[in-house]
Amino acid sequence: GGEGWAVVSRFTAAAIGSFSDADFAKQVCDKMSEDHRLNGDERADSNKGGFPGMPVASAAVQHAAGARYSLPGNFSGAAFNMDNLQTFKAVAHSGGFKACEHLWPVLTTAIKATSDREQQCLAAEMIAGLVRGSIGWEGEYATSLRDKVSPLLAEALQGASPESLPYWMDCLRHIAIQKDPRRLSWIVTTVASLSSDDSQGSPAQLRALKLFKALAIEFGWRGTVLFTACAPTMRRLMAGESKSVREEAARCLCILSRATQPLPR
């Protein structure tokens with residue numbers, strides 16, 4: 001009823017309002033990063049007093065949500081935390097651009113920590129959540145968030161190490177799932193700009209192809225704008241000197257072919 005929604009609204013306002021405190025926002029993000037470092041220890045598969053620990057309970061909730069909402073499988077396994085993504089999505093969705101103000105310094109620091117896998121995973125979760133939460137924004141609010149996130153995402157994708165790359169692939173997949181690619185054209189442009197010249201070596205080319213693949217999987221037949229933007233790079237890398245790059249390009253081509261083949265009559 002109305003009273004119940006009023007309680008929820010007050011709770012949401014209080015929770016989102018907490019992020020107006022810069023120290024609180026940093027502490028929350030630091031704890032999330034710390035949890036990544038603890039991922040896989042004995043707490044993750046143990047019971048406490050006959051009840052499942054939080055990692056186990058969280059996994060059960062995520063499995064149920066995945067069955068209900070067709071969430072994509074993660075390239076990084078259990079490392080990419082959907083709870084964290086949903087937290088940042090809720091902050092953006094309910095609090096607007098102002099509620100994200102104190103997250104930018106934390107996000108910038110995490111992205112620049114290219115050798116810290118836990119920080120990279122946190123950064124990927126933050127960007128995925130903030131973009132998903134802002135999908136419905138219009139006008140100056142949408143532009144403001146895009147202007148903030150776009151250079152950070154470009155820096156993160158260009159500097160992703162082989163160890164952290166699966167987190168950024170997961171980030172792109174969770175942003176793109178069930179969304180119109182035309183509303184994400186700035187992300188398509190960012191991915192298409194990777195490995196856009198022959199001066200980059202095989203690691204950069206492989207990274208570009210894997211990130212393209214992550215978006216292509218979720219866009220499917222709707223990904224014409226992505227395929228068109230990346231086609232020149234795909235053709236060039238298919239004839240490259242590196243065997244691993246040619247194989248990855250072939251995998252991307254298979255995904256593209258399945259997505260664009262005409263439906264049976």
# chains A, B, ... in the order shown; residues from 1 in each chain; ligands from 1

call {"tool": "select_by_dssp", "arguments": {"residues": "range 49-242 of chain A", "states": "helix (DSSP H, G or I)", "output": "PyMOL selection string"}}
result
chain A and resi 54-69+82-99+101-112+117-133+139-159+165-176+181-192+202-222+224-238

call {"tool": "closest_residue", "arguments": {"among": "A:Ile217, A:Ala99, A:Ile111, A:Ile177", "to": "Pro151 in chain A", "atoms": "only C-alpha atoms"}}
result
A:Ile111

call {"tool": "closest_residue", "arguments": {"among": "A:Arg251, A:Gln205, A:Gln261, A:Leu172", "to": "Leu237 in chain A", "atoms": "only C-alpha atoms"}}
result
A:Gln205
